[in-house]
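File shown here: final-v2.cif, holding mmCIF, C-alpha atoms and all ligand atoms.
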data_coords
loop_
_atom_site.label_atom_id
_atom_site.label_comp_id
_atom_site.auth_asym_id
_atom_site.auth_seq_id
_atom_site.Cartn_x
_atom_site.Cartn_y
_atom_site.Cartn_z
CA MET A 8 -34.20 118.55 33.39
CA LYS A 9 -37.19 116.58 32.21
CA GLN A 10 -40.22 115.97 34.34
CA LYS A 11 -41.69 112.54 33.74
CA VAL A 12 -45.02 111.16 34.90
CA ILE A 13 -45.64 107.45 35.38
CA GLN A 14 -49.25 106.32 35.18
CA ILE A 15 -50.75 102.91 35.76
CA ARG A 16 -54.01 101.44 34.55
CA MET A 17 -56.10 99.11 36.65
CA LYS A 18 -59.39 97.37 36.03
CA GLU A 19 -61.79 97.17 38.93
CA TYR A 20 -64.66 94.70 39.10
CA GLU A 21 -67.47 94.42 41.60
CA ARG A 22 -68.21 90.77 41.19
CA LEU A 23 -66.21 87.62 40.49
CA GLU A 24 -68.60 86.68 37.67
CA GLU A 25 -67.28 89.61 35.64
CA LEU A 26 -63.88 87.92 35.34
CA THR A 27 -62.85 85.26 32.83
CA GLU A 28 -63.18 81.60 33.71
CA MET A 29 -59.42 81.30 34.20
CA GLN A 30 -59.27 84.39 36.41
CA VAL A 31 -62.11 83.02 38.55
CA ASN A 32 -60.30 79.70 38.76
CA LEU A 33 -57.11 81.41 39.92
CA VAL A 34 -58.95 83.45 42.54
CA ASN A 35 -60.61 80.31 43.88
CA ARG A 36 -57.27 78.52 44.03
CA ALA A 37 -55.77 81.51 45.90
CA ILE A 38 -58.63 81.48 48.44
CA GLU A 39 -58.27 77.71 48.86
CA SER A 40 -54.53 78.09 49.39
CA ALA A 41 -55.05 80.88 51.95
CA GLY A 42 -56.89 78.27 54.01
CA ASN A 43 -53.65 76.29 54.29
CA ALA A 44 -51.42 79.21 55.32
CA TYR A 45 -49.26 78.90 58.42
CA ALA A 46 -49.93 82.25 60.04
CA PRO A 47 -50.30 81.71 63.80
CA TYR A 48 -48.59 85.02 64.65
CA SER A 49 -50.46 87.48 62.44
CA GLY A 50 -53.67 85.54 61.96
CA TYR A 51 -53.61 86.89 58.40
CA HIS A 52 -53.85 83.99 55.97
CA VAL A 53 -52.79 84.84 52.43
CA GLY A 54 -53.00 82.63 49.36
CA ALA A 55 -51.54 83.09 45.89
CA ALA A 56 -52.24 81.13 42.71
CA VAL A 57 -49.82 81.40 39.82
CA LEU A 58 -50.70 80.53 36.22
CA LEU A 59 -47.71 79.49 34.12
CA ALA A 60 -47.38 79.89 30.36
CA ASN A 61 -47.61 76.09 30.04
CA GLY A 62 -51.07 76.13 31.63
CA LYS A 63 -49.97 74.72 34.99
CA ILE A 64 -51.20 76.39 38.17
CA VAL A 65 -49.11 76.43 41.33
CA THR A 66 -50.19 77.87 44.65
CA GLY A 67 -48.52 79.17 47.78
CA ASN A 68 -49.47 80.70 51.09
CA ASN A 69 -47.69 82.68 53.79
CA GLN A 70 -45.41 80.70 56.04
CA GLU A 71 -44.61 82.41 59.32
CA ASN A 72 -42.03 81.60 61.96
CA ALA A 73 -41.47 82.37 65.64
CA ALA A 74 -38.38 84.26 64.42
CA TYR A 75 -40.63 86.66 62.55
CA PRO A 76 -38.35 87.82 59.70
CA SER A 77 -37.79 84.18 58.72
CA GLY A 78 -41.34 83.90 57.42
CA LEU A 79 -42.31 84.42 53.80
CA CYS A 80 -45.29 85.95 51.99
CA ALA A 81 -47.71 83.83 49.94
CA GLU A 82 -46.71 85.48 46.65
CA ARG A 83 -43.03 84.66 47.07
CA VAL A 84 -43.74 81.11 48.23
CA ALA A 85 -45.80 80.59 45.04
CA ILE A 86 -43.40 82.35 42.65
CA PHE A 87 -40.31 80.62 44.08
CA TYR A 88 -42.06 77.27 44.00
CA ALA A 89 -42.98 77.88 40.34
CA GLY A 90 -39.34 78.75 39.64
CA SER A 91 -38.10 75.64 41.40
CA GLN A 92 -40.47 73.30 39.56
CA TYR A 93 -40.60 74.97 36.13
CA PRO A 94 -37.43 77.04 35.91
CA ASP A 95 -37.79 78.17 32.31
CA VAL A 96 -41.55 78.67 32.12
CA PRO A 97 -42.80 82.27 32.23
CA VAL A 98 -45.55 83.26 34.65
CA SER A 99 -48.69 84.66 33.01
CA SER A 100 -50.87 85.58 35.95
CA ILE A 101 -51.09 85.63 39.75
CA ALA A 102 -54.16 85.92 41.97
CA ILE A 103 -53.94 86.90 45.63
CA ALA A 104 -56.54 86.65 48.41
CA ALA A 105 -56.52 86.73 52.21
CA ILE A 106 -58.59 85.35 55.06
CA ARG A 107 -58.73 86.77 58.59
CA ASP A 108 -60.85 85.36 61.41
CA GLY A 109 -62.28 82.86 58.94
CA THR A 110 -63.53 85.59 56.59
CA ILE A 111 -62.23 86.52 53.15
CA GLN A 112 -60.97 90.11 53.23
CA GLU A 113 -63.34 92.76 51.91
CA GLU A 114 -60.66 94.87 50.27
CA PRO A 115 -58.15 93.53 47.73
CA VAL A 116 -54.81 92.32 49.08
CA SER A 117 -51.96 94.22 47.51
CA PRO A 118 -48.49 92.62 47.53
CA CYS A 119 -45.73 94.04 49.72
CA GLY A 120 -42.70 95.75 48.21
CA GLY A 121 -40.47 92.67 48.44
CA CYS A 122 -43.01 90.55 46.55
CA ARG A 123 -43.38 93.27 43.89
CA GLN A 124 -39.63 93.16 43.34
CA VAL A 125 -39.73 89.37 42.95
CA LEU A 126 -42.71 89.57 40.56
CA CYS A 127 -40.91 92.18 38.46
CA GLU A 128 -37.80 90.04 38.08
CA LYS A 129 -39.94 87.06 37.09
CA GLU A 130 -41.72 89.22 34.54
CA PHE A 131 -38.43 90.49 33.15
CA LEU A 132 -37.00 86.95 32.95
CA GLY A 133 -40.08 85.52 31.26
CA ALA A 134 -40.37 88.51 28.90
CA THR A 135 -44.15 88.17 29.37
CA PRO A 136 -46.41 90.53 31.33
CA ILE A 137 -47.62 89.03 34.60
CA GLU A 138 -51.26 89.92 35.20
CA VAL A 139 -51.92 90.58 38.89
CA ILE A 140 -55.39 89.85 40.28
CA LEU A 141 -56.05 91.31 43.73
CA TYR A 142 -59.12 89.79 45.28
CA GLY A 143 -61.43 91.36 47.81
CA ASN A 144 -65.08 90.54 48.48
CA ARG A 145 -65.99 94.18 47.84
CA ARG A 146 -63.91 94.68 44.70
CA ILE A 147 -61.42 92.89 42.51
CA GLN A 148 -58.54 94.77 40.95
CA VAL A 149 -56.69 93.54 37.88
CA ILE A 150 -53.34 95.06 36.98
CA GLN A 151 -51.94 94.25 33.55
CA GLN A 152 -48.33 93.72 34.51
CA ALA A 153 -46.20 93.42 37.63
CA THR A 154 -44.00 96.40 36.76
CA ASP A 155 -47.10 98.60 36.96
CA LEU A 156 -47.05 97.87 40.69
CA LEU A 157 -43.37 98.75 40.97
CA PRO A 158 -42.20 101.41 38.57
CA LEU A 159 -38.43 101.57 38.22
CA PRO A 160 -37.70 98.13 39.74
CA PHE A 161 -34.16 97.03 40.45
CA ILE A 162 -33.10 94.84 37.53
CA LEU A 163 -29.54 93.60 37.11
CA ARG A 164 -28.93 93.45 33.40
CA LYS A 165 -25.96 91.66 31.91
CA GLY A 166 -23.17 94.12 31.29
CA ASP A 167 -24.40 96.70 33.85
N1 LIG B 201 -48.43 88.69 53.67
C1 LIG B 201 -48.48 87.97 52.51
O1 LIG B 201 -48.33 86.75 52.52
N2 LIG B 201 -48.71 88.64 51.37
C2 LIG B 201 -48.97 89.97 51.28
O2 LIG B 201 -49.19 90.47 50.18
C3 LIG B 201 -48.97 90.79 52.47
C4 LIG B 201 -48.58 90.12 53.73
C5 LIG B 201 -48.25 87.97 54.93
C6 LIG B 201 -46.96 88.21 55.67
C7 LIG B 201 -47.36 87.84 57.07
O3 LIG B 201 -47.27 86.44 57.23
C8 LIG B 201 -48.84 88.22 57.14
O4 LIG B 201 -49.28 88.33 55.81
C9 LIG B 201 -49.11 89.52 57.87
O5 LIG B 201 -48.35 90.54 57.35
#
structure tokens encoding of this file:
Amino acid sequence: MKQKVIQIRMKEYERLEELTEMQVNLVNRAIESAGNAYAPYSGYHVGAAVLLANGKIVTGNNQENAAYPSGLCAERVAIFYAGSQYPDVPVSSIAIAAIRDGTIQEEPVSPCGGCRQVLCEKEFLGATPIEVILYGNRRIQVIQQATDLLPLPFILRKGD
């Protein structure tokens, strides 16, 4: 038996100005997109902005439904939209932010397990790390790659 330890690194910033121009741009696009979420049931408006390796930015927000499980998170809306529009282009970065009662959340928004799984597959497909930027007014967390958020993801490799 071997005991293994999995560690992750994360950068934490106090202010948006500490980030790069592109990271700030992505955060602002995520906040803007959160404003267009359809979230009448939870009142929790999430926005995601995805930077592609070709420099394009696509955004998405959560889309809820009266049949609750039919809704979809902002991250998956954005990632699936990116895949539908630019099927072969890797994703380089994603920023996530949320608004509740008209106010941007104080603490960073961390993606749910299903979105982590989707991010990991995208990362694997693109063979490029996907930087994950979690925005909160109080702190901003930057994770170097999606698989850091989901160690041991389910990946179906050819020949398995
Ligand atoms: N939600 C997201 O869009 N992204 C997350 O990372 C967490 C949760 C959505 C799902 C649902 O519409 C609402 O937020 C409340 O859970």
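Listed by chain and then residue number, the contacts of ligand LIG 201 (chain B) are Tyr45, Ala46, Tyr48, Ser49, Gly50, Tyr51, His52, Val53, Gly54, Asn68, Asn69, Gln70, Glu71, Gly78, Leu79, Cys80, Ala81, Glu82, Arg83, Ile103, Val116, Ser117, Pro118, Cys119 and Cys122 of chain A (distance at most 8 Å, using only C-alpha atoms and all ligand atoms).
In this model, the gap between CA of Gly120 (chain A) and CA of Val84 (chain A) comes to 14.7 Å.
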- prompt: Which distance in Å separates CA of Arg22 (chain A) and CA of Gln148 (chain A), to one decimal?
  reply: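 Computing it gives 10.5 Å between the two atoms.
For the set A:Met17, A:Val12, A:Ile140, A:Leu157, the residue with the smallest atom-to-atom gap to Ala56 (chain A) is A:Ile140, counting all atoms listed in the file.
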Give me, as a CSV table (one decimal) with C-alpha atoms, keeping the file's coordinate frame, all polymer residues having an atom no more than 12 Å from Gln30 (chain A), counting only C-alpha atoms and skipping those fewer than 2 positions away in the same chain.
chain,number,residue,atom,x,y,z
A,20,TYR,CA,-64.7,94.7,39.1
A,22,ARG,CA,-68.2,90.8,41.2
A,23,LEU,CA,-66.2,87.6,40.5
A,24,GLU,CA,-68.6,86.7,37.7
A,25,GLU,CA,-67.3,89.6,35.6
A,26,LEU,CA,-63.9,87.9,35.3
A,27,THR,CA,-62.8,85.3,32.8
A,28,GLU,CA,-63.2,81.6,33.7
A,32,ASN,CA,-60.3,79.7,38.8
A,33,LEU,CA,-57.1,81.4,39.9
A,34,VAL,CA,-59.0,83.4,42.5
A,35,ASN,CA,-60.6,80.3,43.9
A,36,ARG,CA,-57.3,78.5,44.0
A,37,ALA,CA,-55.8,81.5,45.9
A,56,ALA,CA,-52.2,81.1,42.7
A,57,VAL,CA,-49.8,81.4,39.8
A,58,LEU,CA,-50.7,80.5,36.2
A,64,ILE,CA,-51.2,76.4,38.2
A,99,SER,CA,-48.7,84.7,33.0
A,100,SER,CA,-50.9,85.6,36.0
A,101,ILE,CA,-51.1,85.6,39.8
A,102,ALA,CA,-54.2,85.9,42.0
A,103,ILE,CA,-53.9,86.9,45.6
A,138,GLU,CA,-51.3,89.9,35.2
A,139,VAL,CA,-51.9,90.6,38.9
A,140,ILE,CA,-55.4,89.8,40.3
A,141,LEU,CA,-56.0,91.3,43.7
A,142,TYR,CA,-59.1,89.8,45.3
A,147,ILE,CA,-61.4,92.9,42.5
A,148,GLN,CA,-58.5,94.8,41.0
A,149,VAL,CA,-56.7,93.5,37.9
